[in-house]
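Worksheet: the structure to be examined is printed underneath.
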Amino acid sequence: MKLGFSREDELFRQECADWLNGQMAGEFRDIKGVTKLTGSPQRRKEWEQQLAAHRWSCIGWPEQWGGRNATLSQQVIFAEEYARAGVPGRVNHIGIELAGPTILTFGTEEQKQRFLPDIAAGKTIFCQGFSEPNAGSDLAGVRTKARLEDGEWVVNGQKIWTSLAHISDWIFVVTRTEEGSQGPKGLSFLMMPIDQPGIEIRGIRQINGDAEFNETFFTDARCPADSLIGAVGDGWKIAMGLLAFERGVSTLGQQMGFRNELDEIIAAAKANGAAQNPLIRQRIARAEIGLRLMRYGALRMLSQTDNSRMDGAALTYKIQWATWRRSLGELAMDVLGQEGEISPYSEYEWDTLPNLFLFSRADTIYGGTNQIQRNLIAERGLGLPREPRWTS
Amino acid sequence: MEFAFSDEQQMIAETAQAFFTQNATSTRTRAAMAGDGIDRDLWRYFCQDLGFAGIAIGEDLGGAGLGLVELAIIAEAAGAQVAALPMLGSLLQVAPAIAAGGSDAQQAEWLPALLSGETIAAYVEVSDLRVEGQLLTGTSRFVTHGAAADLLLVTNGEGAWLVRADTPGVTVTTQTSLDQTRPFARVELDQVAAEALADPAGGLACAYRTALVGIAAEALGGAQSCLDRTVDYSKERIQFGRPIGSFQAYKHRLADMMIEIEQARSAVYWAACALDEEAPDAPLALHAAKSFATDTYFRCAGDMIQLHGGIGFTWEHDAHLFFKRARSLQTMLGNGDWHRERIASMILGEAA
Ligand SMILES: Cc1cc2nc3c(=O)[nH]c(=O)nc-3n(C[C@H](O)[C@H](O)[C@H](O)COP(=O)(O)OP(=O)(O)OC[C@H]3O[C@@H](n4cnc5c(N)ncnc54)[C@H](O)[C@@H]3O)c2cc1C
């Protein structure tokens, strides 16, 4: 067991920091510190391309696909330095963290060739078309249909809550390819170009006033037959495999974002005197402890991916960070007091801390709600009897 | 960076777990509870045959020369069985204090007997200790396994002294204690002749670190046992025609226990590893581990009783052994609020 990094790793850290800080002080100075997912989309696509041009886009991927074959320690270091430098989140995070690894794992050679270099280069921004009006927690309830016609898949139906669909180039969708099938059987996993007459996107406004997610309608939408990943009917297996990628190294970068949020709360508490309140002090200490434990939990998770006990422990990560962040939002507002309820803008728009308070209510919903996480932990982590579900 | 057990550490963990599971049985622990809270055979075997007693003490001093990670591994395994051993006072407080702060002569005199288990030592903290030359006067009511101790390490937080328990002027009285596997004694010193520890600051700091890591690790082991045993029960016990573990409200409580425990595990090994590597965040880690792991243990032990129903409230069932140990670990060496306030002052400055 060892927490320290080697000298080589520390040199690598310096290299990352130098390059990232150089970019944020130079050509990309205008996007430094942008936190909203929807902020400056065009410039951030250019930033993706800049990362790729210097092979910093997907450093954990094989060199063949634009990566660096980076070691785990190097990936950890890059994620930390990335956030430390105040670089905005990756607009293509769904492509890099979900679509890419899915294609790497389940795709054909030809599909890798077609998609991976463009994902790494920020040329293909992906969004995720899983949820439907009648299929949320119960993903196996999807009804969107696809049929093969003249060498193309023809898709009809509707997805919902599709984050960033309005700035994406491609969408991956779970569709029903077997007529009359139910539940997890008969589903397939398709990659579709968004810019076509059969796909329509309508924004949905969220509680913080933003419109990050969308309704996505498919009316005879089309994609080539070889856009299907895996085999026909493998959709469920691939969707589940994809969800496991969400627990990757990117979590460490996400934590650095949390660090910045907690630091802002600490600064606010010191400035307005809340830092003298013993109850607030306890909550700040708890938040600090929770954040540190997230880091060491993630390092444990990443250090031993093949250990079976750890597989169970890794299941606890999503609910842990989501619940922590939701409490952080509440702490932020309690530190701010009523000041937190007034915005300096004339539009319904919020600065970081009130926005954290509002947005963090979604953290415990998307990517599997807290209740669904508890079901997973109990069933897969502890071997308890399964909830009633689809049978076929 | 590799935040996982090495093969050697994995082996130590397996050996220690097997040892405590096989030997620190409920029957034996209960026999010890009826006496002075020590299972003597277990203690002898642990110290002499297993060779883990001096795990984090240097080889030149008769220990195994390993670190706090290995010590945490052993304490976790002992805690999982609520083993009735004087480990806290003897091996997590007094032996480290002498190893780090004793003179050569003090080390030679005490360490071999402490590590072999022949001598049992207790840690006696007296905030208003009266010191007249080498004579000590004062009382502590919270000396763990004090009634069984041959050697006392007396401290007022600054100085530290070694006192044989049979020195004239020492009176030790057993207290009826909530946790009978680690009973408290009242120790009164009336003008007792004592020998000063050569380097009290170094000795006390080492005892403090070791004890907090050990307590946190013990809490982790205990919490995990509460979960494991409740999961087993939930699969056997049938109500409404199905296992109680199939009810979602029940499952979710078990899931919540696991979420807390996995964080406690990160906390314990982060602290142990950071101390071994002398990382700058080690002091914060120590406060985090102590507060988080012991609070987790208490919560899990309480849930264990609730999720067992009536049987969990009986003397016969082991749930209360965990519950009582959890409570005593929570208050030992500063409760959660106290440790969190230390963290708050590290990041916010002292309160006005
Ligand atoms: C900000 C945001 C972004 C999103 N982005 C995307 C995206 O990009 N792509 C995408 O496909 N989806 C996205 N989603 C959708 C998200 O994955 C779903 O909202 C989520 O899975 C829950 O589904 P639902 O909204 O239909 O709620 P429901 O499934 O209807 O759940 C309603 C309530 O019932 C509870 N519940 C449901 N089933 C059970 C059960 N078995 N046991 C106990 N309780 C249960 C839930 O926990 C919840 O509290 C996003 C959602 C949000 C909020």
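Chain labels A, B, ... are given in the sequence in which chains occur in the structure tokens; within each chain residues are numbered consecutively from 1, and ligands are likewise numbered from 1 in the order shown.
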
Worksheet item: Quick one: residues within 9 Å of ligand 1, with only C-alpha atoms and all ligand atoms, as a PyMOL selection string?
Response: (chain A and resi 94+127-139+159-165+173-174+206+212-214+359-375+387-389) or (chain B and resi 248)

Quick one: residues within 9 Å of A:Arg222, only C-alpha atoms counted, chain neighbours fewer than 4 positions away excluded, as a tab-separated table (two decimals) with C-alpha atoms, in the first residue's frame?
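Generated output (part.tsv):
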chain	number	residue	atom	x	y	z
A	152	GLU	CA	-30.04	0.99	-42.85
A	153	TRP	CA	-31.53	1.06	-39.37
A	154	VAL	CA	-34.74	3.08	-39.29
A	155	VAL	CA	-35.59	4.40	-35.84
A	192	MET	CA	-26.70	7.67	-34.87
A	193	PRO	CA	-25.71	10.98	-36.48
A	196	GLN	CA	-30.66	14.53	-40.11
A	198	GLY	CA	-35.56	12.31	-38.74
A	199	ILE	CA	-34.18	13.65	-35.46
A	218	PHE	CA	-36.94	10.00	-33.83

Practice prompt. Compute the set of chain B residues within 6 Å of chain A, using only C-alpha atoms, and express it as a PyMOL selection string.
Written response: chain B and resi 1-6+246+251-252+255+259+263+266+288+340+343-344+351

Item to complete: May I have the residues within 10 Å of A:Pro184 as a list in words, using only C-alpha atoms and disregarding those fewer than 4 positions away in the same chain?
Response: Asp138, Leu139, Ala140, Gly141, Val142, Arg176, Ser188, Gly233, Asp234, Gly235, Trp236, Lys237, Trp390, Thr391 and Ser392 of chain A

Take the residues from that selection and write them out as a PDB file, in the first residue's frame, keeping N, CA and C atoms.
ATOM      1  N   ASP A 138     -36.121   2.172 -14.833  1.00  0.00           N
ATOM      2  CA  ASP A 138     -36.349   0.878 -15.469  1.00  0.00           C
ATOM      3  C   ASP A 138     -36.008   0.977 -16.953  1.00  0.00           C
ATOM      4  N   LEU A 139     -34.720   1.020 -17.208  1.00  0.00           N
ATOM      5  CA  LEU A 139     -34.240   1.220 -18.576  1.00  0.00           C
ATOM      6  C   LEU A 139     -34.758   0.142 -19.527  1.00  0.00           C
ATOM      7  N   ALA A 140     -34.988  -1.039 -18.982  1.00  0.00           N
ATOM      8  CA  ALA A 140     -35.433  -2.143 -19.845  1.00  0.00           C
ATOM      9  C   ALA A 140     -36.828  -1.897 -20.410  1.00  0.00           C
ATOM     10  N   GLY A 141     -37.459  -0.801 -19.991  1.00  0.00           N
ATOM     11  CA  GLY A 141     -38.785  -0.494 -20.524  1.00  0.00           C
ATOM     12  C   GLY A 141     -38.745   0.313 -21.818  1.00  0.00           C
ATOM     13  N   VAL A 142     -37.597   0.454 -22.462  1.00  0.00           N
ATOM     14  CA  VAL A 142     -37.541   1.318 -23.657  1.00  0.00           C
ATOM     15  C   VAL A 142     -38.463   0.788 -24.756  1.00  0.00           C
ATOM     16  N   ARG A 176     -35.355  -0.978 -29.360  1.00  0.00           N
ATOM     17  CA  ARG A 176     -35.941  -2.316 -29.415  1.00  0.00           C
ATOM     18  C   ARG A 176     -35.893  -2.788 -30.866  1.00  0.00           C
ATOM     19  N   SER A 188     -31.076  -3.352 -28.778  1.00  0.00           N
ATOM     20  CA  SER A 188     -29.790  -3.198 -29.457  1.00  0.00           C
ATOM     21  C   SER A 188     -29.248  -1.798 -29.233  1.00  0.00           C
ATOM     22  N   GLY A 233     -29.566  -7.537 -30.435  1.00  0.00           N
ATOM     23  CA  GLY A 233     -30.055  -8.182 -29.206  1.00  0.00           C
ATOM     24  C   GLY A 233     -29.102  -8.068 -28.020  1.00  0.00           C
ATOM     25  N   ASP A 234     -27.902  -7.501 -28.269  1.00  0.00           N
ATOM     26  CA  ASP A 234     -26.912  -7.334 -27.187  1.00  0.00           C
ATOM     27  C   ASP A 234     -27.055  -6.006 -26.443  1.00  0.00           C
ATOM     28  N   GLY A 235     -28.073  -5.236 -26.762  1.00  0.00           N
ATOM     29  CA  GLY A 235     -28.172  -3.858 -26.263  1.00  0.00           C
ATOM     30  C   GLY A 235     -28.101  -3.737 -24.749  1.00  0.00           C
ATOM     31  N   TRP A 236     -28.757  -4.646 -24.070  1.00  0.00           N
ATOM     32  CA  TRP A 236     -28.787  -4.570 -22.611  1.00  0.00           C
ATOM     33  C   TRP A 236     -27.396  -4.785 -22.033  1.00  0.00           C
ATOM     34  N   LYS A 237     -26.729  -5.812 -22.528  1.00  0.00           N
ATOM     35  CA  LYS A 237     -25.378  -6.135 -22.046  1.00  0.00           C
ATOM     36  C   LYS A 237     -24.435  -4.938 -22.250  1.00  0.00           C
ATOM     37  N   TRP A 390     -38.578  -7.341 -14.614  1.00  0.00           N
ATOM     38  CA  TRP A 390     -39.001  -7.961 -15.865  1.00  0.00           C
ATOM     39  C   TRP A 390     -38.706  -9.453 -15.874  1.00  0.00           C
ATOM     40  N   THR A 391     -39.680 -10.228 -16.308  1.00  0.00           N
ATOM     41  CA  THR A 391     -39.409 -11.643 -16.564  1.00  0.00           C
ATOM     42  C   THR A 391     -39.823 -11.915 -17.993  1.00  0.00           C
ATOM     43  N   SER A 392     -39.250 -12.931 -18.579  1.00  0.00           N
ATOM     44  CA  SER A 392     -39.653 -13.203 -19.956  1.00  0.00           C
ATOM     45  C   SER A 392     -39.867 -14.692 -20.144  1.00  0.00           C
TER      46      SER A 392
END

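A straight line drawn from atom CA of B:Leu212 to atom CA of B:Leu286 is 6.9 Å long.
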
Discussion item. Would you pick out the contacts of stretch 223-238 of chain B at 9 Å or less, using only C-alpha atoms, so that residues sharing its chain but fewer than 2 positions from it are not included, and give the list as a PyMOL selection string?
Written reply: (chain A and resi 382-385) or (chain B and resi 79-81+218-221+240-246+250-251+254+257-258+261+293-294+296-301+303-305+307-308+319+322+326)

Worksheet entry | Test item: residues at most 9 Å from B:Thr174, only C-alpha atoms, excluding those fewer than 5 positions along its chain, as a VMD selection string | chain B and resid 36 145 to 147 183 to 187

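Distance annotation: of B:Cys47, B:Ala272, B:Val82, B:Ala31, the residue with the minimal separation from B:Ala113 is B:Cys47; atom set is only C-alpha atoms.
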
Fill in: Which of stretch 67-296 of chain B DSSP labels helix (DSSP H, G or I), written as an NGL selection string
:B and (68-80 or 87-101 or 104-116 or 146-148 or 200-236 or 244-246 or 248-276 or 282-296)

Worksheet, complete the sentence: Expressed in Å, the length from atom CA of A:Gln49 to atom CA of A:Gly66 is 11.8 Å

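Interatomic distance, atom CA of B:Gln180 to atom CA of B:Asp256: 28.7 Å.
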
Tell me, which residues of stretch 139-265 of chain B carry DSSP strand (DSSP E), written as a CSV table (one decimal) with C-alpha atoms, in the first residue's frame?
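Output below, filename selection.csv:
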chain,number,residue,atom,x,y,z
B,139,THR,CA,-6.6,10.0,39.9
B,140,SER,CA,-8.0,8.6,36.6
B,141,ARG,CA,-11.3,6.8,36.4
B,142,PHE,CA,-11.0,5.6,32.8
B,143,VAL,CA,-8.0,3.3,32.6
B,144,THR,CA,-8.7,0.5,30.2
B,151,LEU,CA,2.8,-1.5,34.5
B,152,LEU,CA,1.3,2.0,34.3
B,153,LEU,CA,2.3,4.8,32.0
B,154,VAL,CA,1.1,7.9,33.7
B,155,THR,CA,0.8,11.2,31.8
B,160,ALA,CA,5.2,10.7,31.1
B,161,TRP,CA,6.3,8.4,33.9
B,162,LEU,CA,6.6,4.6,34.3
B,163,VAL,CA,5.1,3.2,37.5
B,164,ARG,CA,4.9,-0.5,38.5
B,170,VAL,CA,-1.1,2.9,43.9
B,171,THR,CA,-4.7,1.9,44.4
B,172,VAL,CA,-6.6,0.2,41.5
B,173,THR,CA,-10.3,-0.4,41.6
B,174,THR,CA,-12.3,-2.2,38.9
B,184,PHE,CA,-12.2,0.7,33.0
B,185,ALA,CA,-10.5,0.9,36.3
B,186,ARG,CA,-10.1,3.7,38.7
B,187,VAL,CA,-6.4,4.3,39.4
B,188,GLU,CA,-5.4,6.5,42.4
B,189,LEU,CA,-1.8,7.6,42.9
B,190,ASP,CA,-0.8,8.9,46.2
B,191,GLN,CA,2.8,10.2,46.3
B,192,VAL,CA,3.9,7.3,44.1
B,193,ALA,CA,7.5,6.9,43.2
B,195,GLU,CA,10.5,6.9,36.7
B,196,ALA,CA,10.3,9.6,34.0
B,238,ILE,CA,-38.6,-15.5,7.1
B,239,GLN,CA,-41.5,-13.1,7.7
B,242,ARG,CA,-40.2,-14.4,2.5
B,243,PRO,CA,-36.7,-13.6,3.7

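Residues lying within 8 Å of stretch 50-59 of chain A, counting only C-alpha atoms and ignoring same-chain neighbours fewer than 3 positions away, are A:Glu46, A:Trp47, A:Pro62, A:Gly66, A:Gly67, A:Arg68, A:Asn69, A:Ala70, A:Gln75, A:Ile96, A:Ala120, A:Ala121, A:Gly122.
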
Could the residues in this selection be written to a file with all heavy atoms, as a short mmCIF file (atom, residue, chain, number, x, y, z; two decimals), in the first residue's frame?
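Output contents, as saved in out-v3.cif:
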data_model
loop_
_atom_site.label_atom_id
_atom_site.label_comp_id
_atom_site.auth_asym_id
_atom_site.auth_seq_id
_atom_site.Cartn_x
_atom_site.Cartn_y
_atom_site.Cartn_z
N GLU A 46 -13.35 23.75 -29.67
CA GLU A 46 -11.99 24.06 -30.13
C GLU A 46 -10.96 23.59 -29.10
O GLU A 46 -9.88 23.14 -29.45
CB GLU A 46 -11.85 25.57 -30.39
CG GLU A 46 -12.58 26.02 -31.65
CD GLU A 46 -12.86 27.52 -31.68
OE1 GLU A 46 -12.12 28.29 -31.01
OE2 GLU A 46 -13.83 27.91 -32.34
N TRP A 47 -11.34 23.75 -27.85
CA TRP A 47 -10.45 23.28 -26.77
C TRP A 47 -10.25 21.76 -26.86
O TRP A 47 -9.14 21.26 -26.69
CB TRP A 47 -11.01 23.70 -25.42
CG TRP A 47 -10.34 23.08 -24.22
CD1 TRP A 47 -10.94 22.30 -23.29
CD2 TRP A 47 -8.97 23.19 -23.84
NE1 TRP A 47 -10.02 21.90 -22.35
CE2 TRP A 47 -8.81 22.43 -22.66
CE3 TRP A 47 -7.86 23.84 -24.39
CZ2 TRP A 47 -7.56 22.30 -22.02
CZ3 TRP A 47 -6.63 23.72 -23.74
CH2 TRP A 47 -6.49 22.96 -22.57
N PRO A 62 -5.11 3.50 -25.95
CA PRO A 62 -3.91 3.05 -26.68
C PRO A 62 -3.42 4.14 -27.64
O PRO A 62 -4.23 4.93 -28.14
CB PRO A 62 -4.42 1.84 -27.47
CG PRO A 62 -5.69 1.42 -26.83
CD PRO A 62 -6.27 2.63 -26.17
N GLY A 66 -4.98 7.57 -30.53
CA GLY A 66 -4.79 8.96 -30.12
C GLY A 66 -4.48 9.13 -28.65
O GLY A 66 -4.39 10.25 -28.16
N GLY A 67 -4.33 8.01 -27.91
CA GLY A 67 -4.01 8.12 -26.50
C GLY A 67 -2.51 8.03 -26.24
O GLY A 67 -1.71 8.16 -27.17
N ARG A 68 -2.14 7.84 -24.99
CA ARG A 68 -0.74 7.73 -24.60
C ARG A 68 -0.46 6.45 -23.85
O ARG A 68 0.62 6.30 -23.27
CB ARG A 68 -0.33 8.87 -23.67
CG ARG A 68 -0.38 10.24 -24.27
CD ARG A 68 0.06 11.27 -23.23
NE ARG A 68 0.04 12.60 -23.83
CZ ARG A 68 1.02 13.49 -23.73
NH1 ARG A 68 2.10 13.20 -23.04
NH2 ARG A 68 0.92 14.66 -24.30
N ASN A 69 -1.46 5.57 -23.75
CA ASN A 69 -1.27 4.37 -22.96
C ASN A 69 -0.84 4.71 -21.53
O ASN A 69 -0.03 4.00 -20.92
CB ASN A 69 -0.19 3.50 -23.57
CG ASN A 69 -0.77 2.20 -24.07
OD1 ASN A 69 -1.79 1.73 -23.54
ND2 ASN A 69 -0.14 1.63 -25.08
N ALA A 70 -1.35 5.81 -20.99
CA ALA A 70 -0.86 6.32 -19.70
C ALA A 70 -1.14 5.32 -18.58
O ALA A 70 -2.14 4.60 -18.60
CB ALA A 70 -1.55 7.65 -19.40
N GLN A 75 -2.85 8.92 -15.19
CA GLN A 75 -4.23 9.37 -15.44
C GLN A 75 -4.78 10.13 -14.24
O GLN A 75 -5.47 11.14 -14.39
CB GLN A 75 -5.13 8.17 -15.76
CG GLN A 75 -4.75 7.47 -17.04
CD GLN A 75 -5.68 6.29 -17.31
OE1 GLN A 75 -6.88 6.46 -17.44
NE2 GLN A 75 -5.13 5.10 -17.38
N ILE A 96 -15.93 10.71 -24.55
CA ILE A 96 -14.63 10.22 -24.07
C ILE A 96 -14.78 9.15 -23.01
O ILE A 96 -14.04 8.18 -22.99
CB ILE A 96 -13.86 11.41 -23.49
CG1 ILE A 96 -13.48 12.37 -24.60
CG2 ILE A 96 -12.64 10.96 -22.74
CD1 ILE A 96 -13.23 13.75 -24.09
N ALA A 120 -11.58 11.22 -29.86
CA ALA A 120 -10.38 11.75 -29.19
C ALA A 120 -10.11 13.17 -29.67
O ALA A 120 -9.67 14.02 -28.90
CB ALA A 120 -9.18 10.84 -29.45
N ALA A 121 -10.36 13.43 -30.95
CA ALA A 121 -10.03 14.74 -31.51
C ALA A 121 -11.12 15.77 -31.27
O ALA A 121 -11.01 16.90 -31.73
CB ALA A 121 -9.78 14.59 -33.01
N GLY A 122 -12.17 15.40 -30.58
CA GLY A 122 -13.23 16.37 -30.29
C GLY A 122 -14.06 16.70 -31.51
O GLY A 122 -14.80 17.68 -31.52
#

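Every protein or nucleic acid residue with an atom no more than 7 Å from stretch 26-32 of chain A, counting only C-alpha atoms and leaving out same-chain residues fewer than 2 positions away, appears here: Gly22, Gln23, Met24, Val34, Gly86, Val87 and Pro88 of chain A.
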
Would you export the selected residues with all heavy atoms as a compact mmCIF listing (two decimals), in the first residue's frame, please?
# COMPACT_ATOMS: atom_id res chain seq x y z
N GLY A 22 -0.26 26.97 -19.22
CA GLY A 22 0.13 27.75 -20.39
C GLY A 22 -1.09 28.02 -21.28
O GLY A 22 -1.32 29.15 -21.72
N GLN A 23 -1.90 27.00 -21.50
CA GLN A 23 -3.09 27.16 -22.33
C GLN A 23 -4.08 28.13 -21.70
O GLN A 23 -4.66 28.98 -22.37
CB GLN A 23 -3.78 25.80 -22.54
CG GLN A 23 -2.95 24.80 -23.31
CD GLN A 23 -2.66 25.26 -24.73
OE1 GLN A 23 -3.54 25.73 -25.42
NE2 GLN A 23 -1.41 25.14 -25.14
N MET A 24 -4.26 27.99 -20.38
CA MET A 24 -5.25 28.82 -19.69
C MET A 24 -4.78 30.27 -19.53
O MET A 24 -5.58 31.16 -19.24
CB MET A 24 -5.60 28.22 -18.32
CG MET A 24 -6.45 26.96 -18.39
SD MET A 24 -8.06 27.22 -19.18
CE MET A 24 -7.86 26.24 -20.68
N VAL A 34 -14.84 28.45 -16.60
CA VAL A 34 -16.25 28.24 -16.98
C VAL A 34 -16.73 26.96 -16.31
O VAL A 34 -16.09 25.91 -16.46
CB VAL A 34 -16.39 28.13 -18.52
CG1 VAL A 34 -17.81 27.70 -18.90
CG2 VAL A 34 -16.03 29.45 -19.18
N GLY A 86 -8.06 25.06 -13.49
CA GLY A 86 -9.26 25.84 -13.78
C GLY A 86 -9.77 25.64 -15.20
O GLY A 86 -10.49 26.49 -15.74
N VAL A 87 -9.41 24.51 -15.79
CA VAL A 87 -9.86 24.22 -17.15
C VAL A 87 -11.32 23.75 -17.07
O VAL A 87 -11.65 22.97 -16.19
CB VAL A 87 -9.00 23.11 -17.79
CG1 VAL A 87 -9.31 22.96 -19.26
CG2 VAL A 87 -7.52 23.39 -17.58
N PRO A 88 -12.20 24.23 -17.96
CA PRO A 88 -13.59 23.78 -17.88
C PRO A 88 -13.74 22.30 -18.20
O PRO A 88 -12.89 21.72 -18.88
CB PRO A 88 -14.31 24.63 -18.93
CG PRO A 88 -13.26 25.19 -19.80
CD PRO A 88 -11.97 25.20 -19.03

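Take the candidates B:Thr137, B:Asn23, B:Gln106, B:Asn335 and check each one against B:Ala84 using only C-alpha atoms; the shortest distance goes to B:Asn23.
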
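Taking only C-alpha atoms into account, B:Leu348 lies nearest to A:Gly273 out of the set A:Gly273, A:Leu353, A:Lys36, A:Asn260.
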